[in-house]
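Have a look at my_file-v4.txt; it's compact mmCIF, C-alpha atoms and all ligand atoms:
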```
# COMPACT_ATOMS: atom_id res chain seq x y z
CA MET A 1 -66.34 20.00 44.76
CA GLY A 2 -67.50 16.44 44.09
CA GLU A 3 -68.06 17.39 40.46
CA LEU A 4 -64.59 18.77 40.19
CA ASN A 5 -63.15 15.59 41.63
CA ASP A 6 -65.18 13.56 39.17
CA SER A 7 -64.14 15.55 36.16
CA ARG A 8 -60.55 15.44 37.28
CA HIS A 9 -60.89 11.68 37.68
CA ILE A 10 -62.17 11.28 34.14
CA HIS A 11 -59.50 13.56 32.87
CA GLN A 12 -56.70 11.59 34.51
CA ARG A 13 -58.08 8.33 33.19
CA ASP A 14 -58.21 9.82 29.68
CA ILE A 15 -54.59 10.79 29.97
CA LEU A 16 -53.58 7.28 30.97
CA ASP A 17 -55.66 5.77 28.19
CA ASN A 18 -54.08 7.97 25.58
CA LEU A 19 -50.53 7.74 26.78
CA SER A 20 -48.09 6.11 24.38
CA THR A 21 -46.09 4.92 27.40
CA ALA A 22 -47.28 1.58 28.72
CA VAL A 23 -48.49 1.78 32.32
CA VAL A 24 -49.23 -1.20 34.56
CA LEU A 25 -50.54 -0.89 38.11
CA LEU A 26 -49.69 -3.76 40.44
CA ASN A 27 -50.72 -4.66 43.95
CA THR A 28 -48.15 -5.78 46.50
CA ASP A 29 -48.58 -9.44 45.43
CA LEU A 30 -47.44 -8.31 41.97
CA ARG A 31 -50.86 -8.91 40.48
CA ILE A 32 -52.14 -6.62 37.77
CA GLU A 33 -54.78 -4.10 38.84
CA TYR A 34 -54.84 -1.97 35.75
CA ILE A 35 -53.17 -1.79 32.36
CA ASN A 36 -53.57 1.04 29.89
CA PRO A 37 -54.14 0.55 26.14
CA ALA A 38 -50.44 1.10 25.36
CA SER A 39 -49.70 -1.87 27.64
CA GLU A 40 -52.43 -3.93 25.99
CA ASN A 41 -50.70 -3.25 22.70
CA LEU A 42 -47.23 -3.98 23.97
CA PHE A 43 -48.16 -7.22 25.71
CA GLN A 44 -50.82 -8.21 23.16
CA ILE A 45 -53.36 -8.88 25.87
CA SER A 46 -56.68 -7.24 26.68
CA SER A 47 -57.17 -5.42 29.92
CA ARG A 48 -59.97 -7.89 30.80
CA GLN A 49 -57.62 -10.86 30.41
CA ALA A 50 -54.81 -9.22 32.33
CA ILE A 51 -56.51 -7.78 35.41
CA GLY A 52 -56.12 -9.97 38.48
CA CYS A 53 -53.35 -12.03 36.88
CA PRO A 54 -49.77 -12.11 38.15
CA LEU A 55 -47.36 -9.92 36.19
CA ASP A 56 -45.77 -13.15 34.89
CA LYS A 57 -48.81 -13.57 32.66
CA VAL A 58 -47.72 -10.62 30.49
CA MET A 59 -43.93 -10.59 30.85
CA PHE A 60 -41.37 -13.01 32.22
CA VAL A 61 -40.30 -11.86 35.69
CA ASP A 62 -36.81 -13.15 36.55
CA GLY A 63 -35.27 -13.22 40.02
CA GLU A 64 -33.56 -9.88 39.67
CA PHE A 65 -36.61 -8.01 38.39
CA ARG A 66 -38.74 -9.56 41.15
CA LYS A 67 -36.19 -8.31 43.69
CA ARG A 68 -36.45 -4.80 42.20
CA LEU A 69 -40.24 -4.83 42.44
CA GLN A 70 -40.19 -6.15 45.98
CA GLY A 71 -37.45 -3.69 46.93
CA ALA A 72 -39.62 -0.81 45.70
CA ILE A 73 -42.50 -2.08 47.85
CA GLN A 74 -40.32 -2.48 50.91
CA ASP A 75 -38.29 0.73 50.74
CA LEU A 76 -40.93 2.85 48.98
CA HIS A 77 -38.20 3.88 46.58
CA PRO A 78 -38.61 4.25 42.83
CA PHE A 79 -36.32 2.26 40.58
CA SER A 80 -35.51 2.67 36.91
CA GLU A 81 -33.60 0.73 34.33
CA TYR A 82 -32.57 1.61 30.83
CA GLU A 83 -32.58 -0.81 27.89
CA ALA A 84 -33.63 -3.83 29.88
CA CYS A 85 -34.39 -6.99 27.98
CA PHE A 86 -37.57 -8.95 28.71
CA THR A 87 -39.18 -12.01 27.24
CA LEU A 88 -42.91 -12.11 26.66
CA PRO A 89 -44.87 -15.35 27.14
CA ALA A 90 -45.08 -15.88 23.36
CA GLY A 91 -41.27 -15.93 23.26
CA ARG A 92 -41.02 -12.46 21.74
CA GLU A 93 -38.27 -10.35 23.15
CA ILE A 94 -38.53 -6.66 23.96
CA ILE A 95 -36.04 -4.01 24.97
CA ILE A 96 -37.59 -1.49 27.32
CA ASP A 97 -36.79 1.41 29.59
CA TYR A 98 -38.87 1.16 32.74
CA VAL A 99 -39.57 2.98 35.99
CA ILE A 100 -41.09 1.33 39.05
CA ASN A 101 -42.90 3.80 41.30
CA PRO A 102 -44.52 2.87 44.60
CA LEU A 103 -47.83 4.71 44.96
CA GLN A 104 -49.17 5.24 48.44
CA MET A 105 -52.49 7.09 48.41
CA PRO A 106 -54.14 8.03 51.71
CA ASP A 107 -56.49 5.28 52.96
CA GLN A 108 -55.51 3.00 50.09
CA LYS A 109 -53.36 -0.05 49.77
CA LEU A 110 -49.87 0.40 48.41
CA GLN A 111 -49.63 -0.04 44.64
CA LEU A 112 -46.74 -0.19 42.25
CA MET A 113 -46.81 1.71 39.01
CA LEU A 114 -44.71 0.25 36.24
CA GLU A 115 -44.06 2.69 33.43
CA ILE A 116 -42.58 1.21 30.31
CA SER A 117 -41.21 2.83 27.17
CA HIS A 118 -40.64 0.32 24.46
CA MET A 119 -37.75 1.04 22.18
CA ASP A 120 -38.95 0.29 18.71
CA ARG A 121 -37.17 -2.60 17.10
CA HIS A 122 -36.37 -0.51 14.06
CA ILE A 123 -34.86 2.26 16.15
CA ARG A 124 -32.71 -0.27 17.98
CA ILE A 125 -31.65 -1.87 14.71
CA ALA A 126 -30.86 1.50 13.14
CA ARG A 127 -28.84 2.47 16.19
CA GLU A 128 -26.89 -0.76 16.19
CA GLU A 129 -26.19 -0.46 12.49
CA LYS A 130 -24.99 3.12 12.83
CA LEU A 131 -22.77 2.11 15.71
CA LEU A 132 -21.30 -0.78 13.76
CA SER A 133 -20.65 1.27 10.63
CA GLU A 134 -19.03 4.09 12.63
CA GLN A 135 -16.86 1.62 14.45
CA ASN A 136 -15.90 0.01 11.17
CA ALA A 137 -14.92 3.35 9.66
CA THR A 138 -12.76 4.24 12.65
CA ARG A 139 -11.23 0.80 12.69
CA ASN A 140 -10.28 1.08 9.03
CA LEU A 141 -8.71 4.47 9.64
CA ILE A 142 -6.63 3.10 12.50
CA ARG A 143 -5.63 0.04 10.50
CA GLY A 144 -4.53 2.26 7.63
CA MET A 145 -2.40 4.34 9.95
CA ALA A 146 -0.89 1.29 11.59
CA HIS A 147 -0.03 -0.10 8.19
CA GLU A 148 1.79 3.09 7.23
CA ILE A 149 3.83 3.04 10.44
CA LYS A 150 4.74 -0.63 10.20
CA ASN A 151 7.12 -0.48 7.22
CA PRO A 152 9.32 2.48 8.16
CA LEU A 153 9.46 1.09 11.65
CA GLY A 154 11.00 -2.15 10.40
CA GLY A 155 13.60 -0.13 8.49
CA LEU A 156 14.38 1.95 11.55
CA ARG A 157 14.94 -1.11 13.69
CA GLY A 158 17.10 -2.82 11.07
CA ALA A 159 19.25 0.26 10.66
CA ALA A 160 19.76 0.54 14.42
CA GLN A 161 20.92 -3.08 14.49
CA LEU A 162 23.41 -2.49 11.67
CA LEU A 163 24.65 0.65 13.36
CA GLU A 164 25.11 -1.22 16.61
CA ARG A 165 27.53 -3.67 14.97
CA GLU A 166 29.68 -0.78 13.75
CA LEU A 167 29.83 1.01 17.08
CA PRO A 168 33.30 1.02 18.67
CA SER A 169 32.27 1.11 22.35
CA GLU A 170 29.75 -0.79 24.49
CA GLU A 171 28.63 2.47 26.07
CA LEU A 172 27.30 3.79 22.77
CA LYS A 173 25.33 0.59 22.25
CA GLU A 174 23.10 1.71 25.08
CA TYR A 175 21.60 4.21 22.65
CA THR A 176 20.99 1.76 19.85
CA GLN A 177 19.41 -0.57 22.42
CA ILE A 178 16.97 2.18 23.31
CA ILE A 179 16.05 2.64 19.65
CA ILE A 180 15.58 -1.12 19.19
CA GLY A 181 13.59 -1.49 22.42
CA GLU A 182 11.27 1.41 21.61
CA ALA A 183 10.84 0.19 18.02
CA ASP A 184 9.77 -3.19 19.41
CA ARG A 185 7.30 -1.52 21.74
CA LEU A 186 5.84 0.47 18.88
CA GLN A 187 5.78 -2.64 16.72
CA SER A 188 3.60 -4.50 19.18
CA LEU A 189 1.29 -1.50 19.48
CA VAL A 190 1.02 -1.30 15.70
CA ASN A 191 0.27 -5.02 15.53
CA ARG A 192 -2.57 -4.55 17.98
CA MET A 193 -3.81 -1.52 16.03
CA LEU A 194 -3.98 -3.68 12.92
CA GLY A 195 -6.28 -5.94 14.89
CA PRO A 196 -7.47 -9.43 14.14
CA ASN A 197 -6.64 -10.25 10.59
CA ASN A 198 -7.31 -13.91 10.23
CA VAL A 199 -10.39 -15.60 8.95
CA PRO A 200 -12.05 -17.34 11.91
CA LYS A 201 -11.37 -21.07 12.04
CA LYS A 202 -14.83 -22.13 13.11
CA ARG A 203 -15.62 -25.42 14.77
CA ASN A 204 -18.07 -26.57 17.41
CA ILE A 205 -16.93 -25.24 20.76
CA ASN A 206 -18.36 -25.08 24.22
CA ILE A 207 -18.74 -21.52 25.49
CA HIS A 208 -18.37 -22.64 29.10
CA GLN A 209 -14.96 -24.14 28.35
CA VAL A 210 -13.94 -20.80 26.84
CA LEU A 211 -15.11 -18.94 29.94
CA GLU A 212 -13.33 -21.42 32.23
CA HIS A 213 -10.14 -20.95 30.26
CA VAL A 214 -10.36 -17.17 30.57
CA ARG A 215 -11.05 -17.46 34.30
CA GLN A 216 -7.93 -19.59 34.75
CA LEU A 217 -5.79 -17.19 32.71
CA ILE A 218 -7.00 -14.26 34.80
CA GLN A 219 -6.52 -16.12 38.04
CA VAL A 220 -2.84 -16.83 37.35
CA GLU A 221 -2.33 -13.15 36.52
CA LEU A 222 -3.66 -12.04 39.91
CA SER A 223 -1.25 -11.26 42.73
CA ASP A 224 -1.70 -12.52 46.30
CA GLU A 225 -3.07 -9.15 47.39
CA GLU A 226 -5.83 -9.15 44.82
CA HIS A 227 -9.18 -10.62 45.85
CA ILE A 228 -11.30 -11.10 42.78
CA TYR A 229 -14.13 -13.63 43.11
CA PHE A 230 -15.71 -15.30 40.14
CA LYS A 231 -19.40 -16.14 40.15
CA LEU A 232 -20.42 -18.60 37.47
CA ASP A 233 -24.00 -18.67 36.31
CA TYR A 234 -24.05 -21.04 33.34
CA ASP A 235 -27.02 -22.49 31.52
CA PRO A 236 -25.91 -26.09 30.94
CA SER A 237 -28.62 -26.69 28.36
CA LEU A 238 -26.91 -24.41 25.83
CA PRO A 239 -25.76 -26.12 22.64
CA GLU A 240 -22.24 -25.78 21.28
CA ILE A 241 -21.42 -22.83 19.09
CA MET A 242 -19.63 -22.68 15.71
CA ALA A 243 -16.79 -20.32 16.42
CA ASP A 244 -13.05 -19.78 16.46
CA GLN A 245 -12.01 -20.78 19.97
CA ASP A 246 -8.93 -18.55 20.14
CA MET A 247 -10.88 -15.52 18.96
CA MET A 248 -13.58 -16.16 21.57
CA ILE A 249 -10.95 -16.46 24.28
CA GLN A 250 -9.30 -13.22 23.14
CA ALA A 251 -12.57 -11.27 23.08
CA ILE A 252 -13.71 -12.45 26.50
CA LEU A 253 -10.23 -12.04 27.95
CA ASN A 254 -10.06 -8.40 26.81
CA ILE A 255 -13.36 -7.64 28.50
CA THR A 256 -12.54 -9.55 31.67
CA ARG A 257 -9.08 -7.94 31.99
CA ASN A 258 -10.76 -4.53 31.92
CA ALA A 259 -13.10 -5.67 34.67
CA VAL A 260 -10.16 -6.84 36.78
CA LEU A 261 -8.41 -3.49 36.32
CA ALA A 262 -11.60 -1.59 37.18
CA LEU A 263 -12.03 -3.63 40.36
CA ASP A 264 -8.57 -2.59 41.46
CA GLY A 265 -7.82 -5.71 43.47
CA ASN A 266 -11.17 -6.18 45.13
CA GLY A 267 -14.50 -7.31 43.77
CA GLU A 268 -16.61 -9.81 41.97
CA ILE A 269 -16.90 -10.86 38.34
CA THR A 270 -19.88 -12.86 37.11
CA PHE A 271 -19.94 -14.97 33.95
CA ARG A 272 -23.52 -15.62 32.91
CA THR A 273 -24.81 -17.52 29.88
CA ARG A 274 -28.37 -17.74 28.58
CA PRO A 275 -30.17 -18.66 25.37
CA LEU A 276 -32.32 -15.97 23.76
CA ARG A 277 -35.08 -16.92 21.38
CA HIS A 278 -36.03 -14.82 18.34
CA PHE A 279 -33.41 -12.21 18.90
CA THR A 280 -32.24 -9.60 16.42
CA ILE A 281 -28.56 -8.79 16.00
CA GLY A 282 -27.89 -5.88 13.67
CA HIS A 283 -30.64 -6.37 11.08
CA THR A 284 -30.89 -10.14 11.19
CA GLN A 285 -33.31 -12.04 13.34
CA HIS A 286 -32.06 -15.36 14.67
CA ARG A 287 -34.02 -18.27 16.05
CA LEU A 288 -31.57 -18.82 18.87
CA VAL A 289 -28.84 -16.53 20.20
CA LEU A 290 -26.23 -17.19 22.84
CA GLN A 291 -26.07 -14.40 25.41
CA THR A 292 -22.88 -14.24 27.46
CA GLU A 293 -22.60 -11.59 30.14
CA ILE A 294 -19.46 -10.46 31.90
CA ILE A 295 -20.54 -8.46 34.92
CA ASP A 296 -18.39 -6.66 37.48
CA ASN A 297 -19.28 -4.72 40.60
CA GLY A 298 -16.61 -2.07 40.06
CA PRO A 299 -16.98 1.71 39.84
CA GLY A 300 -18.56 1.65 36.38
CA ILE A 301 -17.78 3.61 33.24
CA SER A 302 -18.33 7.35 33.04
CA GLU A 303 -21.07 8.54 30.70
CA GLU A 304 -18.71 10.39 28.37
CA LEU A 305 -16.60 7.29 27.94
CA GLN A 306 -19.59 4.96 27.49
CA GLU A 307 -20.59 6.47 24.19
CA HIS A 308 -17.29 5.75 22.46
CA ILE A 309 -16.02 2.84 24.45
CA PHE A 310 -15.83 0.40 21.51
CA TYR A 311 -13.91 2.84 19.34
CA PRO A 312 -10.20 2.18 18.94
CA MET A 313 -7.81 4.34 20.97
CA VAL A 314 -10.50 5.32 23.45
CA THR A 315 -9.20 4.72 26.95
CA GLY A 316 -9.85 5.83 30.49
CA ARG A 317 -6.52 4.58 31.82
CA ALA A 318 -3.15 6.31 31.73
CA GLN A 319 -1.44 3.10 30.58
CA GLY A 320 -4.26 1.97 28.30
CA THR A 321 -4.02 1.85 24.52
CA GLY A 322 -7.80 1.71 24.14
CA LEU A 323 -7.67 -1.23 21.75
CA GLY A 324 -8.97 -4.08 23.91
CA LEU A 325 -12.69 -3.48 23.40
CA SER A 326 -12.41 -2.46 19.78
CA ILE A 327 -10.60 -5.73 19.06
CA ALA A 328 -13.15 -7.72 21.07
CA GLN A 329 -16.01 -6.10 19.13
CA SER A 330 -14.32 -6.82 15.83
CA LEU A 331 -13.73 -10.49 16.78
CA ILE A 332 -17.37 -10.94 17.74
CA ASN A 333 -18.56 -9.09 14.61
CA GLN A 334 -16.59 -11.60 12.55
CA HIS A 335 -18.91 -14.23 14.05
CA ASP A 336 -22.03 -12.22 13.08
CA GLY A 337 -22.36 -11.25 16.72
CA LEU A 338 -22.38 -8.03 18.69
CA ILE A 339 -21.09 -6.78 22.05
CA LYS A 340 -23.13 -4.28 24.04
CA MET A 341 -22.35 -2.56 27.28
CA LYS A 342 -24.36 -1.11 30.13
CA SER A 343 -22.79 0.46 33.16
CA ARG A 344 -23.61 2.24 36.38
CA PRO A 345 -21.53 2.51 39.56
CA GLY A 346 -21.48 -0.96 41.12
CA LYS A 347 -22.60 -2.80 38.00
CA THR A 348 -21.02 -2.95 34.58
CA VAL A 349 -22.31 -5.51 32.12
CA PHE A 350 -20.71 -6.45 28.82
CA THR A 351 -23.06 -8.66 26.81
CA LEU A 352 -21.96 -10.79 23.88
CA TYR A 353 -24.67 -11.87 21.47
CA LEU A 354 -23.75 -14.72 19.15
CA PRO A 355 -26.14 -16.48 16.78
CA LEU A 356 -26.62 -20.17 17.58
CA ALA A 357 -29.29 -21.29 15.20
CA ASN A 358 -30.24 -20.33 11.70
CA THR A 359 -31.45 -16.96 10.61
CA LEU A 360 -35.18 -16.35 10.63
CA GLU A 361 -35.64 -13.31 8.47
CA ASN A 362 -34.03 -10.14 7.33
CA ALA A 363 -35.50 -7.48 9.57
CA ASN A 364 -35.13 -4.80 6.93
CA GLY A 365 -36.91 -6.82 4.31
N1 LIG B 1 -15.52 -3.14 33.37
C1 LIG B 1 -15.08 -1.87 33.28
N2 LIG B 1 -15.24 -1.02 34.32
C2 LIG B 1 -14.82 0.26 34.24
N3 LIG B 1 -14.23 0.80 33.15
C3 LIG B 1 -14.05 0.01 32.08
C4 LIG B 1 -14.46 -1.36 32.08
N4 LIG B 1 -14.16 -1.88 30.89
C5 LIG B 1 -13.60 -0.90 30.17
N5 LIG B 1 -13.50 0.24 30.89
C6 LIG B 1 -12.97 1.53 30.42
O1 LIG B 1 -12.93 1.48 29.02
C7 LIG B 1 -11.66 1.86 28.53
C8 LIG B 1 -11.40 1.20 27.20
O2 LIG B 1 -11.14 -0.17 27.35
P1 LIG B 1 -10.23 -0.94 26.29
O3 LIG B 1 -10.05 -2.35 26.74
O4 LIG B 1 -10.79 -0.73 24.92
O5 LIG B 1 -8.85 -0.17 26.36
P2 LIG B 1 -7.80 -0.14 27.55
O6 LIG B 1 -8.13 -1.18 28.56
O7 LIG B 1 -7.71 1.25 28.02
O8 LIG B 1 -6.44 -0.50 26.81
P3 LIG B 1 -5.99 -1.93 26.24
O9 LIG B 1 -7.09 -2.90 26.51
O10 LIG B 1 -5.79 -1.70 24.78
O11 LIG B 1 -4.77 -2.25 26.96
C9 LIG B 1 -10.73 1.48 29.65
O12 LIG B 1 -9.57 2.28 29.62
C10 LIG B 1 -11.56 1.76 30.91
O13 LIG B 1 -11.46 3.11 31.25
MG MG B 2 -8.45 -3.19 27.99
```
Do you think you could lay out the structure here as structure tokens?
Amino acid sequence: MGELNDSRHIHQRDILDNLSTAVVLLNTDLRIEYINPASENLFQISSRQAIGCPLDKVMFVDGEFRKRLQGAIQDLHPFSEYEACFTLPAGREIIIDYVINPLQMPDQKLQLMLEISHMDRHIRIAREEKLLSEQNATRNLIRGMAHEIKNPLGGLRGAAQLLERELPSEELKEYTQIIIGEADRLQSLVNRMLGPNNVPKKRNINIHQVLEHVRQLIQVELSDEEHIYFKLDYDPSLPEIMADQDMMIQAILNITRNAVLALDGNGEITFRTRPLRHFTIGHTQHRLVLQTEIIDNGPGISEELQEHIFYPMVTGRAQGTGLGLSIAQSLINQHDGLIKMKSRPGKTVFTLYLPLANTLENANG
């Protein structure tokens, strides 16, 4: 029996050692008790150096992640997150999927098992590039269509106006007014479908002023019955950014308006800014990137919708045109940036990445 236990023990250890998933065992003080070779690789640290050290030694543990770990200890509940972004002590940034599992063995102290799958940088880059090129193709198609509608629409409206002048009775003018009104409605839709057309007028701007402006715009749009609270979590050390202020306002406004609608009169929106070092957007690595998050605690976005949310004409609302996010993405792309989204019920995060400092390298090269 003892032999069997032993051989099973060795066997399990072999499995852990050969796993391509990184595994870290922690005690309840969040100190490392074991790391497998995949973790050694990921964190570029030897098991000997890591054991006994706080988790902070291998990856930066922010307030929220600490709360998750402590929550798992307290409630004995597993927790998982998809595409979470962590900074390693050397400043390198990794995107990981992780699961926290509390392990309670009989007669042993509680341990936490952290299982990490690291999304390869190249896979992430390839995925982002595919996404961008698909979105571009769709956007061009929509723009082409909008362009084709625009001209005949102008003719239609003009003709209705001429006709109106010739009409003998006021009653009949009701009909031409409908044509003119609907043509105007279509015109503004078509203009939005054409999307941002101007070259950005870039100058040094302060992202926090942009966010404040958006917050004020939203606040005046709210009715007395709506209770939307704004939480501001700004990093004041952030430098200014070279960008077109109006375009930034438009992009952030589109995202924030969606959040307000999703909250349906009750909830919280957080604006959060942070610097990211050595971060890759598309295929270009930048020394410093501005990360701006717009977070709401609304119902979240359904999985089917999530996949295509940045495509034009994709909407989950009866009155929506589905252009807001596609326009926002296009505005940020024009600044060499990218918008990403992550959503679950109770937490939807739209993240804007904008380069702040010069390019480091071409990640493909
Ligand atoms: N924060 C959010 N929470 C929940 N759902 C969201 C959120 N943001 C966007 N959505 C969903 O994504 C859809 C697409 O948003 P988008 O802004 O592109 O278009 P729209 O709001 O429907 O129309 P438009 O902005 O053109 O008036 C929305 O209809 C909504 O269903
Ligand atoms: Mg919208």
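For the pair atom CA of Ser343 of chain A and atom CA of Ile309 of chain A, the interatomic distance is 11.3 Å.
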Using only C-alpha atoms and all ligand atoms, find each protein or nucleic acid residue lying at most 7 Å from ligand MG 2 (chain B); present the set as a PDB file with C-alpha atoms, keeping the file's coordinate frame.
```pdb
ATOM      1  CA  ASN A 254     -10.060  -8.400  26.810  1.00  0.00           C
ATOM      2  CA  ILE A 255     -13.360  -7.640  28.500  1.00  0.00           C
ATOM      3  CA  ARG A 257      -9.080  -7.940  31.990  1.00  0.00           C
ATOM      4  CA  ASN A 258     -10.760  -4.530  31.920  1.00  0.00           C
ATOM      5  CA  GLY A 320      -4.260   1.970  28.300  1.00  0.00           C
ATOM      6  CA  GLY A 322      -7.800   1.710  24.140  1.00  0.00           C
ATOM      7  CA  LEU A 323      -7.670  -1.230  21.750  1.00  0.00           C
ATOM      8  CA  GLY A 324      -8.970  -4.080  23.910  1.00  0.00           C
ATOM      9  CA  LEU A 325     -12.690  -3.480  23.400  1.00  0.00           C
TER      10      LEU A 325
END
```
Near-Ser39 of chain A list (10 Å; all atoms listed in the file; drop same-chain fewer than 2 positions) as a PDB file with C-alpha atoms, in the coordinates of the input:
```pdb
ATOM      1  CA  ASP A  17     -55.660   5.770  28.190  1.00  0.00           C
ATOM      2  CA  LEU A  19     -50.530   7.740  26.780  1.00  0.00           C
ATOM      3  CA  SER A  20     -48.090   6.110  24.380  1.00  0.00           C
ATOM      4  CA  THR A  21     -46.090   4.920  27.400  1.00  0.00           C
ATOM      5  CA  ALA A  22     -47.280   1.580  28.720  1.00  0.00           C
ATOM      6  CA  VAL A  23     -48.490   1.780  32.320  1.00  0.00           C
ATOM      7  CA  VAL A  24     -49.230  -1.200  34.560  1.00  0.00           C
ATOM      8  CA  TYR A  34     -54.840  -1.970  35.750  1.00  0.00           C
ATOM      9  CA  ILE A  35     -53.170  -1.790  32.360  1.00  0.00           C
ATOM     10  CA  ASN A  36     -53.570   1.040  29.890  1.00  0.00           C
ATOM     11  CA  PRO A  37     -54.140   0.550  26.140  1.00  0.00           C
ATOM     12  CA  ASN A  41     -50.700  -3.250  22.700  1.00  0.00           C
ATOM     13  CA  LEU A  42     -47.230  -3.980  23.970  1.00  0.00           C
ATOM     14  CA  PHE A  43     -48.160  -7.220  25.710  1.00  0.00           C
ATOM     15  CA  GLN A  44     -50.820  -8.210  23.160  1.00  0.00           C
ATOM     16  CA  ILE A  45     -53.360  -8.880  25.870  1.00  0.00           C
ATOM     17  CA  SER A  46     -56.680  -7.240  26.680  1.00  0.00           C
ATOM     18  CA  SER A  47     -57.170  -5.420  29.920  1.00  0.00           C
ATOM     19  CA  VAL A  58     -47.720 -10.620  30.490  1.00  0.00           C
ATOM     20  CA  GLU A 115     -44.060   2.690  33.430  1.00  0.00           C
ATOM     21  CA  ILE A 116     -42.580   1.210  30.310  1.00  0.00           C
ATOM     22  CA  SER A 117     -41.210   2.830  27.170  1.00  0.00           C
ATOM     23  CA  HIS A 118     -40.640   0.320  24.460  1.00  0.00           C
TER      24      HIS A 118
END
```
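The residue that comes closest to Tyr229 of chain A, out of A:Asn197, A:Asn27, A:Gln177, A:Gln216 and on the basis of only C-alpha atoms, is A:Gln216.
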Which residue out of A:Ile96, A:Leu305, A:Leu153, A:Ala357 has the minimum interatomic distance to Pro239 of chain A when all atoms listed in the file are used?
->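 Answer, going by the shortest atom-to-atom distance: A:Ala357.
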Skip Leu253 of chain A itself and residues of its chain fewer than 3 positions away, then list as a list of chain:residue names all residues within 8 Å of it, counting all atoms listed in the file.
->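 Those residues are A:Val214, A:Ile218, A:Ile249, A:Gln250, A:Thr256, A:Arg257.
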Export of prior selection with C-alpha atoms as a compact mmCIF listing (two decimals), in the frame of the given file:
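Final file, result-v1.txt:
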```txt
# COMPACT_ATOMS: atom_id res chain seq x y z
CA VAL A 214 -10.36 -17.17 30.57
CA ILE A 218 -7.00 -14.26 34.80
CA ILE A 249 -10.95 -16.46 24.28
CA GLN A 250 -9.30 -13.22 23.14
CA THR A 256 -12.54 -9.55 31.67
CA ARG A 257 -9.08 -7.94 31.99
```
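Of note, atom CA of His227 of chain A and atom CA of Thr321 of chain A are spaced 25.2 Å apart.
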Contacts of ligand LIG 1 (chain B), 10 Å or closer, all atoms listed in the file, given as JSON, numbers by chain | {"A": [189, 192, 193, 251, 253, 254, 255, 256, 257, 258, 259, 260, 261, 262, 263, 264, 269, 294, 295, 296, 297, 298, 299, 300, 301, 302, 305, 306, 308, 309, 310, 311, 312, 313, 314, 315, 316, 317, 318, 319, 320, 321, 322, 323, 324, 325, 326, 327, 328, 329, 341, 342, 343, 344, 345, 346, 347, 348, 349, 350]}
For segment 260-308 of chain A versus segment 200-209 of chain A, which residues have an atom no more than 10 Å away, and what is each residue's nearest atom pair and distance in Å rounded to one decimal, using only C-alpha atoms, chain-then-number order, as a Markdown table?
```
| residue | atom | partner | partner_atom | distance |
| --- | --- | --- | --- | --- |
| A:Phe271 | CA | A:His208 | CA | 9.2 |
| A:Arg272 | CA | A:His208 | CA | 9.5 |
| A:Thr273 | CA | A:His208 | CA | 8.3 |
| A:Leu290 | CA | A:Ile207 | CA | 9.0 |
| A:Thr292 | CA | A:Ile207 | CA | 8.6 |
```
Interatomic distance, atom CA of Tyr82 of chain A to atom CA of Ile125 of chain A (Å, one decimal) |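 Pair atom CA of Tyr82 of chain A / atom CA of Ile125 of chain A returns 16.5 Å.
Comparing the minimum interatomic distances between Ile73 of chain A and each of A:Arg165, A:Lys109, A:Arg48, A:Arg287, counting all atoms listed in the file, we find that A:Lys109 sits nearest.
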